[in-house]
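Only one structure is covered here, and it is reproduced in the block below.
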Amino acid sequence: MVESRAVRIALRVVSVFVMTFLYLPLVILAIYAFNPSRLLVWPPTGFTLGWFAEAANNPAISVAVVNSLIVGALATVLALILGTLAAIAVHRYSFFGRQTISFFLVLPIALPGVVTGIALRTSFVTFGIDFGLFTIVVGHATFCVVIVYNNVVARLRRLPRSPEEASADLGADMWTTFRRITFPGLGTALLSGGLLAFALSFDEIIVTNFTAGAGTQTIPMWILAAIQRPTELPVVNVVALVLVTFSIIPVYLAQRISGGAAAGVSR
């Protein structure tokens with residue numbers, strides 16, 4: 001189909017409008033991170049890197065970042081294990097209720113975070129589990145599993161079954177076939193799913209608020225608490241800018257890995 005020049009121009013204008021709508025707030029945030037004033041005045045009164053030094057020397061921020069890294073790493077590992085096992089079970093085997101299980105595996109990502117958080121908190125209280133990093137990890141894993149599950153299922157649908165069948169015909173057991181045939185084929189899907197799960201966990205705030213203990217803070221929780229104090233706004237802007245920049249990296253890598261893998265399969 002040949003598009004007219006007017007259509008191409010209209011599409012470009014709409015694209016610019018959408019990108020501006022999405023990213024203008026982030027640009028404003030970045031500008032305020034370098035503003036020397038503690039007040040949100042526009043236009044900025046100058047340029048400074050002092051707030052970055054103040055954020056780096058804040059012990060509460062350091063502890064929150066370490067907690068976020070620990071939670072993100074553990075939730076990602078848990079999601080990779082559970083999501084991969086669930087994907088293989090649902091895709092490779094036929095059993096009663098398979099589609100229902102598949103639906104319930106994907107459902108947590110669609111549920112409101114408030115509902116998930118309340119349900120998890122109620123469960124932890126019911127079973128007498130103390131709130132802390134462990135409960136945050138469990139809470140984050142509930143939606144990170146979905147990311148890994150979707151990635152692995154999508155890859156399994158593109159992988160041929162003949163190498164696995166040949167491996168079984170040659171006498172290899174299930175574990176050997178998985179280790180030497182299936183797992184290498186899932187490598188990039190697991191890597192991209194793990195990166196996306198980590199990025200999602202690192203930025204999560206709603207479920208974290210319901211599952212964190214009184215003395216435990218992740219970096220999004222610190223931002224939520226500090227933004228209510230006007231004198232902390234410049235440091236909050238800096239931390240938010242660094243958080244956005246850091247979050248872009250795993251998402252970009254996951255997109256490149258999954259995109260490259262898809263291109264390799266299509267060829």
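We label chains A, B, ... in the order they appear in the structure tokens, count residues from 1 in each chain, and number ligands from 1 in the order shown.
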(request) Show which residues sit within 7 Å of range 245-247 of chain A, as a PyMOL selection string. Count only C-alpha atoms, and ignore same-chain residues fewer than 4 positions away. (result) chain A and resi 199+241+251
(message) Env of range 33-35 of chain A: 9 Å cut, atoms = only C-alpha atoms, seq-sep filter 6 positions within chain, self excluded. Answer as a list in words.
(response)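 Here the answer would be Val41, Pro44, Thr45, Gly46, Phe47, Thr48, Leu49, Gly50, Trp51, Phe52, Pro234, Val235, Val236, Asn237, Val238, Val239, Ala240 and Leu241 of chain A.
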(request) Go ahead and compute the interatomic distance for CA of Ala89 in chain A and CA of Leu105 in chain A, in Å to one decimal. (result)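 Between CA of Ala89 in chain A and CA of Leu105 in chain A the gap is 11.9 Å.
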(request) Can you pull out every residue within 9 Å of range 180-192 of chain A, counting only C-alpha atoms, but drop anything in the same chain fewer than 3 positions away, and send it as an MDAnalysis selection string? (result) chainID A and resid 80 84 148 151:152 154:156 159 163:164 167 175:177 195:197 250:251 253:258 261
Given the selection you just returned, output its residues as a file containing N, CA and C atoms, formatted as a tab-separated table (two decimals), in the first residue's frame.
chain	number	residue	atom	x	y	z
A	80	LEU	N	12.66	-17.01	37.59
A	80	LEU	CA	13.25	-17.81	36.52
A	80	LEU	C	13.00	-19.29	36.75
A	84	THR	N	10.02	-20.89	34.44
A	84	THR	CA	10.49	-21.85	33.45
A	84	THR	C	9.82	-23.21	33.64
A	148	VAL	N	8.67	-14.10	33.11
A	148	VAL	CA	9.49	-15.22	32.67
A	148	VAL	C	8.63	-16.27	31.97
A	151	ASN	N	7.81	-15.23	28.40
A	151	ASN	CA	8.99	-15.31	27.53
A	151	ASN	C	9.33	-16.76	27.16
A	152	VAL	N	9.30	-17.63	28.16
A	152	VAL	CA	9.67	-19.02	27.91
A	152	VAL	C	8.63	-19.72	27.04
A	154	ALA	N	6.67	-18.34	24.83
A	154	ALA	CA	6.83	-17.83	23.46
A	154	ALA	C	8.01	-18.49	22.75
A	155	ARG	N	9.11	-18.72	23.49
A	155	ARG	CA	10.25	-19.37	22.86
A	155	ARG	C	9.98	-20.84	22.59
A	156	LEU	N	9.32	-21.53	23.52
A	156	LEU	CA	9.01	-22.95	23.33
A	156	LEU	C	8.14	-23.17	22.10
A	159	LEU	N	10.54	-23.26	19.16
A	159	LEU	CA	11.58	-24.29	19.13
A	159	LEU	C	11.02	-25.59	18.53
A	163	PRO	N	14.76	-32.12	17.90
A	163	PRO	CA	16.00	-32.40	18.64
A	163	PRO	C	15.75	-33.10	19.97
A	164	GLU	N	14.69	-32.69	20.67
A	164	GLU	CA	14.38	-33.35	21.94
A	164	GLU	C	13.97	-34.80	21.70
A	167	SER	N	17.02	-36.80	20.96
A	167	SER	CA	17.78	-37.04	22.19
A	167	SER	C	17.18	-38.19	22.98
A	175	TRP	N	16.46	-35.07	32.15
A	175	TRP	CA	17.35	-34.01	32.62
A	175	TRP	C	18.46	-33.73	31.60
A	176	THR	N	19.03	-34.79	31.03
A	176	THR	CA	20.09	-34.61	30.03
A	176	THR	C	19.56	-33.89	28.80
A	177	THR	N	18.36	-34.25	28.37
A	177	THR	CA	17.75	-33.58	27.22
A	177	THR	C	17.51	-32.11	27.50
A	195	LEU	N	16.00	-10.08	32.86
A	195	LEU	CA	16.27	-8.64	32.87
A	195	LEU	C	14.99	-7.83	33.08
A	196	LEU	N	13.93	-8.21	32.39
A	196	LEU	CA	12.65	-7.52	32.55
A	196	LEU	C	12.09	-7.71	33.95
A	197	ALA	N	12.21	-8.93	34.48
A	197	ALA	CA	11.71	-9.19	35.83
A	197	ALA	C	12.48	-8.37	36.85
A	250	PRO	N	18.35	-2.59	31.71
A	250	PRO	CA	17.86	-3.96	31.52
A	250	PRO	C	16.73	-4.07	30.51
A	251	VAL	N	15.88	-3.05	30.44
A	251	VAL	CA	14.78	-3.10	29.45
A	251	VAL	C	15.34	-3.04	28.03
A	253	LEU	N	18.41	-3.91	27.07
A	253	LEU	CA	19.12	-5.16	26.79
A	253	LEU	C	18.14	-6.29	26.50
A	254	ALA	N	17.05	-6.35	27.28
A	254	ALA	CA	16.05	-7.40	27.05
A	254	ALA	C	15.43	-7.26	25.68
A	255	GLN	N	15.16	-6.02	25.27
A	255	GLN	CA	14.56	-5.80	23.95
A	255	GLN	C	15.52	-6.19	22.83
A	256	ARG	N	16.80	-5.87	22.99
A	256	ARG	CA	17.78	-6.23	21.98
A	256	ARG	C	17.98	-7.74	21.92
A	257	ILE	N	18.04	-8.38	23.07
A	257	ILE	CA	18.26	-9.82	23.11
A	257	ILE	C	17.07	-10.57	22.50
A	258	SER	N	15.86	-10.20	22.94
A	258	SER	CA	14.67	-10.89	22.42
A	258	SER	C	14.47	-10.59	20.95
A	261	ALA	N	17.13	-12.54	19.00
A	261	ALA	CA	16.82	-13.97	19.00
A	261	ALA	C	15.68	-14.28	18.06
Using only C-alpha atoms, which residues of range 170-241 of chain A come within 12 Å of range 107-118 of chain A, and what is the closest atom pair for each, with the distance in Å to one decimal? Give it as a Markdown table, sorted by chain and residue number.
| residue | atom | partner | partner_atom | distance |
| --- | --- | --- | --- | --- |
| A:Ala197 | CA | A:Ile109 | CA | 11.5 |
| A:Leu200 | CA | A:Ile109 | CA | 10.9 |
| A:Glu204 | CA | A:Gly113 | CA | 9.4 |
| A:Ile205 | CA | A:Gly113 | CA | 8.9 |
| A:Ile206 | CA | A:Gly113 | CA | 5.7 |
| A:Val207 | CA | A:Gly117 | CA | 4.5 |
| A:Thr208 | CA | A:Gly117 | CA | 7.4 |
| A:Asn209 | CA | A:Gly117 | CA | 7.7 |
| A:Phe210 | CA | A:Gly117 | CA | 5.1 |
| A:Thr211 | CA | A:Gly117 | CA | 6.7 |
| A:Ala212 | CA | A:Gly117 | CA | 10.1 |
Could those residues be written to a file, using C-alpha atoms, as a PDB file, in the first residue's frame?
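Everything below was put into result.pdb:
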ATOM      1  CA  ALA A 197      11.714  -9.193  35.832  1.00  0.00           C
ATOM      2  CA  LEU A 200      10.038  -4.570  37.210  1.00  0.00           C
ATOM      3  CA  GLU A 204       7.904  -1.762  42.239  1.00  0.00           C
ATOM      4  CA  ILE A 205       6.222   0.255  45.000  1.00  0.00           C
ATOM      5  CA  ILE A 206       2.584  -0.793  45.511  1.00  0.00           C
ATOM      6  CA  VAL A 207       3.069  -4.437  46.488  1.00  0.00           C
ATOM      7  CA  THR A 208       6.235  -3.463  48.370  1.00  0.00           C
ATOM      8  CA  ASN A 209       4.316  -1.115  50.650  1.00  0.00           C
ATOM      9  CA  PHE A 210       2.064  -3.973  51.761  1.00  0.00           C
ATOM     10  CA  THR A 211       4.773  -6.598  52.178  1.00  0.00           C
ATOM     11  CA  ALA A 212       7.654  -4.608  53.710  1.00  0.00           C
TER      12      ALA A 212
END
(request) Enumerate as a PyMOL selection string all residues of range 14-259 of chain A assigned to alpha helix (DSSP H) by DSSP on the backbone, naming them with the chain letters and numbers the document uses. (result) chain A and resi 14-33+50-56+59-92+98-110+113-126+133-158+162-169+174-177+183-203+206-211+219-226+233-259
